[in-house]
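Source file: entry27.cif; contents: mmCIF, C-alpha atoms.
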data_structure
loop_
_atom_site.label_atom_id
_atom_site.label_comp_id
_atom_site.auth_asym_id
_atom_site.auth_seq_id
_atom_site.Cartn_x
_atom_site.Cartn_y
_atom_site.Cartn_z
CA MET A 1 -57.36 -4.55 -24.51
CA LEU A 2 -59.55 -3.32 -27.37
CA VAL A 3 -59.14 0.28 -26.20
CA LEU A 4 -55.38 -0.16 -26.18
CA ALA A 5 -55.41 -1.53 -29.74
CA GLY A 6 -57.62 1.37 -30.86
CA ILE A 7 -55.25 3.91 -29.33
CA VAL A 8 -52.21 2.33 -31.00
CA VAL A 9 -53.97 2.21 -34.38
CA LEU A 10 -55.04 5.85 -34.03
CA HIS A 11 -51.51 6.83 -33.03
CA ILE A 12 -49.97 5.04 -36.04
CA THR A 13 -52.59 6.62 -38.31
CA THR A 14 -51.71 10.04 -36.95
CA ILE A 15 -48.00 9.44 -37.56
CA ILE A 16 -48.71 8.41 -41.15
CA LEU A 17 -50.84 11.51 -41.71
CA LEU A 18 -48.12 13.73 -40.25
CA LEU A 19 -45.47 12.14 -42.48
CA VAL A 20 -47.62 12.47 -45.60
CA ALA A 21 -48.44 16.09 -44.77
CA THR A 22 -44.76 16.88 -44.28
CA ILE A 23 -43.41 15.03 -47.32
CA ASP A 24 -46.10 15.20 -50.00
CA ASN A 25 -46.14 17.98 -52.59
CA ALA A 26 -49.59 19.50 -52.20
CA TRP A 27 -49.62 22.28 -49.64
CA TRP A 28 -50.52 24.89 -52.27
CA ILE A 29 -51.81 23.94 -55.69
CA THR A 30 -52.79 25.68 -58.92
CA ASN A 31 -53.43 24.28 -62.39
CA THR A 32 -49.72 24.32 -63.24
CA VAL A 33 -47.93 24.37 -59.87
CA SER A 34 -47.94 22.07 -56.86
CA THR A 35 -45.95 23.34 -53.90
CA ASP A 36 -44.76 21.55 -50.79
CA LEU A 37 -42.54 22.59 -47.90
CA TRP A 38 -39.32 21.77 -49.73
CA GLY A 39 -39.85 22.76 -53.36
CA LYS A 40 -42.43 23.00 -56.08
CA TRP A 41 -43.50 21.01 -59.09
CA VAL A 42 -44.21 22.97 -62.26
CA LEU A 43 -46.22 21.56 -65.17
CA THR A 44 -44.40 22.23 -68.43
CA GLY A 45 -46.20 20.75 -71.41
CA SER A 46 -47.21 17.34 -70.12
CA ASP A 47 -44.28 16.84 -67.72
CA TRP A 48 -43.89 17.85 -64.11
CA HIS A 49 -40.53 19.41 -63.21
CA TYR A 50 -39.20 19.85 -59.69
CA THR A 51 -37.76 23.28 -58.89
CA ASN A 52 -36.56 25.03 -55.79
CA LEU A 53 -38.85 27.43 -54.04
CA ASN A 54 -38.21 30.90 -55.38
CA ASN A 55 -37.59 34.02 -53.36
CA ASN A 56 -41.32 34.77 -53.04
CA TYR A 57 -41.32 32.82 -49.78
CA PRO A 58 -39.89 34.55 -46.71
CA GLU A 59 -37.09 32.18 -45.78
CA GLU A 60 -37.46 32.52 -42.01
CA PHE A 61 -41.17 31.59 -42.15
CA LEU A 62 -40.56 28.71 -44.55
CA GLN A 63 -37.82 27.30 -42.34
CA ALA A 64 -40.07 27.63 -39.28
CA VAL A 65 -42.80 25.65 -41.07
CA GLN A 66 -40.30 23.01 -42.19
CA ALA A 67 -38.76 22.66 -38.73
CA THR A 68 -42.03 22.46 -36.82
CA SER A 69 -43.47 19.93 -39.30
CA VAL A 70 -40.46 17.67 -38.88
CA LEU A 71 -40.53 18.12 -35.10
CA ALA A 72 -44.20 17.15 -35.03
CA CYS A 73 -43.32 13.88 -36.78
CA VAL A 74 -40.40 13.23 -34.43
CA PHE A 75 -42.41 13.90 -31.26
CA ALA A 76 -45.35 11.77 -32.45
CA ILE A 77 -43.05 8.83 -33.23
CA LEU A 78 -41.21 9.28 -29.93
CA ALA A 79 -44.55 9.38 -28.08
CA LEU A 80 -45.49 6.00 -29.59
CA PHE A 81 -42.24 4.42 -28.40
CA VAL A 82 -42.63 5.98 -24.94
CA PHE A 83 -46.22 4.71 -24.75
CA VAL A 84 -45.13 1.15 -25.54
CA ALA A 85 -42.31 1.41 -23.00
CA GLN A 86 -44.69 2.78 -20.36
CA LEU A 87 -47.04 -0.14 -20.93
CA PHE A 88 -44.37 -2.43 -19.52
CA THR A 89 -42.73 -0.17 -16.93
CA LEU A 90 -45.49 2.07 -15.55
CA PRO A 91 -46.96 1.00 -12.19
CA LYS A 92 -50.66 0.09 -12.16
CA GLY A 93 -53.01 3.02 -11.74
CA GLN A 94 -50.54 5.60 -13.06
CA ARG A 95 -51.34 7.96 -15.94
CA PHE A 96 -49.45 8.08 -19.25
CA THR A 97 -48.42 11.68 -18.57
CA PHE A 98 -45.07 11.70 -20.38
CA THR A 99 -46.63 10.20 -23.51
CA GLY A 100 -49.41 12.78 -23.33
CA VAL A 101 -46.94 15.64 -23.02
CA LEU A 102 -44.95 14.41 -26.02
CA GLN A 103 -48.14 14.11 -28.04
CA LEU A 104 -49.20 17.60 -26.94
CA ILE A 105 -45.83 18.97 -28.15
CA ALA A 106 -46.38 17.24 -31.52
CA CYS A 107 -49.84 18.80 -31.65
CA LEU A 108 -48.43 22.23 -30.91
CA CYS A 109 -45.70 21.83 -33.56
CA ILE A 110 -48.06 20.90 -36.40
CA MET A 111 -50.45 23.68 -35.37
CA ILE A 112 -47.61 26.20 -35.52
CA ALA A 113 -46.51 24.90 -38.93
CA ALA A 114 -49.98 25.09 -40.47
CA SER A 115 -50.71 28.46 -38.87
CA ILE A 116 -47.51 30.07 -40.13
CA TYR A 117 -48.12 28.59 -43.58
CA THR A 118 -51.63 30.04 -43.59
CA ALA A 119 -50.71 33.48 -42.31
CA GLU A 120 -47.41 34.15 -44.03
CA LEU A 121 -46.71 32.08 -47.12
CA HIS A 122 -49.83 32.40 -49.29
CA ALA A 123 -51.79 35.19 -47.66
CA ASN A 124 -51.77 37.39 -50.79
CA ASP A 125 -52.05 34.73 -53.49
CA THR A 126 -55.17 35.03 -55.61
CA GLN A 127 -54.68 31.93 -57.75
CA GLY A 128 -54.73 28.42 -56.38
CA GLY A 129 -55.70 26.95 -53.08
CA TYR A 130 -54.57 24.77 -50.24
CA GLY A 131 -53.92 21.16 -51.18
CA HIS A 132 -54.49 17.86 -49.45
CA SER A 133 -51.20 17.96 -47.52
CA TYR A 134 -52.30 21.20 -45.88
CA VAL A 135 -55.65 19.62 -44.97
CA LEU A 136 -53.88 16.53 -43.62
CA ALA A 137 -51.75 18.77 -41.41
CA TRP A 138 -54.87 20.24 -39.81
CA ILE A 139 -56.47 16.81 -39.46
CA SER A 140 -53.25 15.61 -37.80
CA PHE A 141 -53.47 18.54 -35.41
CA VAL A 142 -56.93 17.44 -34.28
CA LEU A 143 -55.92 13.78 -33.95
CA THR A 144 -52.73 14.54 -32.02
CA PHE A 145 -54.71 16.78 -29.67
CA LEU A 146 -57.30 14.05 -29.07
CA LEU A 147 -54.54 11.50 -28.45
CA ALA A 148 -52.76 13.84 -26.05
CA ILE A 149 -55.93 14.29 -24.01
CA THR A 150 -56.54 10.53 -24.12
CA TYR A 151 -53.02 9.78 -22.85
CA LEU A 152 -53.31 12.36 -20.08
CA VAL A 153 -56.62 10.87 -18.89
CA LEU A 154 -55.76 7.18 -19.44
CA ARG A 155 -54.62 5.11 -16.49
CA LYS A 156 -52.84 1.79 -16.61
CA LYS A 157 -55.27 -0.88 -15.42
CA GLY A 158 -54.42 -3.77 -13.18
CA GLU A 159 -54.41 -7.29 -14.55
#

Once more with this new file: its structure as structure tokens, please.
Amino acid sequence: MLVLAGIVVLHITTIILLLVATIDNAWWITNTVSTDLWGKWVLTGSDWHYTNLNNNYPEEFLQAVQATSVLACVFAILALFVFVAQLFTLPKGQRFTFTGVLQLIACLCIMIAASIYTAELHANDTQGGYGHSYVLAWISFVLTFLLAITYLVLRKKGE
């Protein structure tokens, strides 16, 4: 029972990290600019102003990063619901394969998003660096991968 609670807590933590990585505005940061997947915040005087991403970003790569980040969140949330449903419907001794596959897809999606962002969107920038949302995306990748392996190995125990 304690293992089950730990898995659920880890899964919820991973979902929260994925959502923060997708929504928060710190994928690329400089002293005056903080960029996320949807727009950027520019420091003017002492105020931060939200602006659209300019044409410096290749639109097809940006949309791929946006789509795969959102899909990672959707698949991770869906995997949690499927896991809870399988707890009540799965016969004893069976593996949580479907939950593991959904979690593996979420893992693949966030890996694709972070990889494309690394390789295509800021490859030539000399100022600034990757922010905490970018780091959270990679941490989420590791956690979703570990959860996927756990679900694929885990069997439902008998009472």

inquiry  = Can you spell out as a VMD selection string the set of residues that the PyMOL selection byres ((chain A and resi 11) around 9) selects in the structure I just provided?
reply    = chain A and resid 6 to 10 12 to 16 76 to 77 79 to 80 143 to 144 147

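The nearest approach to A:Phe83 among the residues A:Ser115, A:Ala5, A:Trp48, A:Tyr151, with all atoms listed in the file taken into account, belongs to A:Tyr151.
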
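In this structure, atom CA of A:Leu90 sits 9.7 Å away from atom CA of A:Arg155.
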
message = Assuming the chain letters and numbering stay as they are in my file, what does the PyMOL selection byres ((chain A and resi 75) around 7) actually select? List them as a list in words.
response = Leu71, Ala72, Cys73, Val74, Ala76, Ile77, Leu78, Ala79, Leu102, Gln103, Ile105 and Ala106 of chain A

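Interatomic distance, atom CA of A:Leu154 against atom CA of A:Ser140: 20.4 Å.
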
task = Run the PyMOL selection byres ((chain A and resi 70) around 12) on the file and write out the hits as a ChimeraX atom specification.
result = /A:15,18-23,37-38,63-69,71-77,106-107,109-110,112-113,137

remark   = Shortest contact to A:Trp27, candidates A:Asn52, A:Thr118, A:Thr126, A:Ser46, atoms counted all atoms listed in the file, goes to A:Thr118

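Note that the spacing between atom CA of A:Ile149 and atom CA of A:Phe81 amounts to 17.4 Å.
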
Which protein, DNA or RNA residues are at most 10 Å from (-49.1, 21.2, -64.2) in the file's coordinates when you count only C-alpha atoms, listed as a PDB file with C-alpha atoms, in the frame of the given file?
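Saved as point.pdb:
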ATOM      1  CA  ILE A  29     -51.810  23.940 -55.690  1.00  0.00           C
ATOM      2  CA  THR A  30     -52.790  25.680 -58.920  1.00  0.00           C
ATOM      3  CA  ASN A  31     -53.430  24.280 -62.390  1.00  0.00           C
ATOM      4  CA  THR A  32     -49.720  24.320 -63.240  1.00  0.00           C
ATOM      5  CA  VAL A  33     -47.930  24.370 -59.870  1.00  0.00           C
ATOM      6  CA  SER A  34     -47.940  22.070 -56.860  1.00  0.00           C
ATOM      7  CA  TRP A  41     -43.500  21.010 -59.090  1.00  0.00           C
ATOM      8  CA  VAL A  42     -44.210  22.970 -62.260  1.00  0.00           C
ATOM      9  CA  LEU A  43     -46.220  21.560 -65.170  1.00  0.00           C
ATOM     10  CA  THR A  44     -44.400  22.230 -68.430  1.00  0.00           C
ATOM     11  CA  GLY A  45     -46.200  20.750 -71.410  1.00  0.00           C
ATOM     12  CA  SER A  46     -47.210  17.340 -70.120  1.00  0.00           C
ATOM     13  CA  ASP A  47     -44.280  16.840 -67.720  1.00  0.00           C
ATOM     14  CA  TRP A  48     -43.890  17.850 -64.110  1.00  0.00           C
ATOM     15  CA  HIS A  49     -40.530  19.410 -63.210  1.00  0.00           C
TER      16      HIS A  49
END

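Of the residues under consideration (A:Thr51, A:Val3, A:Leu17, A:Pro58), A:Pro58 shows the shortest atom-to-atom contact distance to A:Ala119 when counting all atoms listed in the file.
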
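Among the candidate residues A:Val82, A:Met1, A:Leu121, A:Leu62, the one lying nearest to A:Val101 is A:Val82, with distances computed using all atoms listed in the file.
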
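If you measure from each of A:Gln94, A:Asn25, A:Asn124, A:Asn55 to A:Val153 using only C-alpha atoms, the closest one turns out to be A:Gln94.
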
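The closest residue to A:Gly100, picked from A:Asp24, A:Lys40, A:Tyr134, A:Phe145 and counting all atoms listed in the file, is A:Phe145.
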
Calculate, to one decimal in Å, the centre and edge lengths of the box along x, y and z of the file that holds all listed atoms of stretch 95-99 of chain A with 6 Å of margin on each side, and present them as JSON.
{"center_x": -48.2, "center_y": 9.8, "center_z": -19.7, "size_x": 18.3, "size_y": 15.7, "size_z": 19.6}
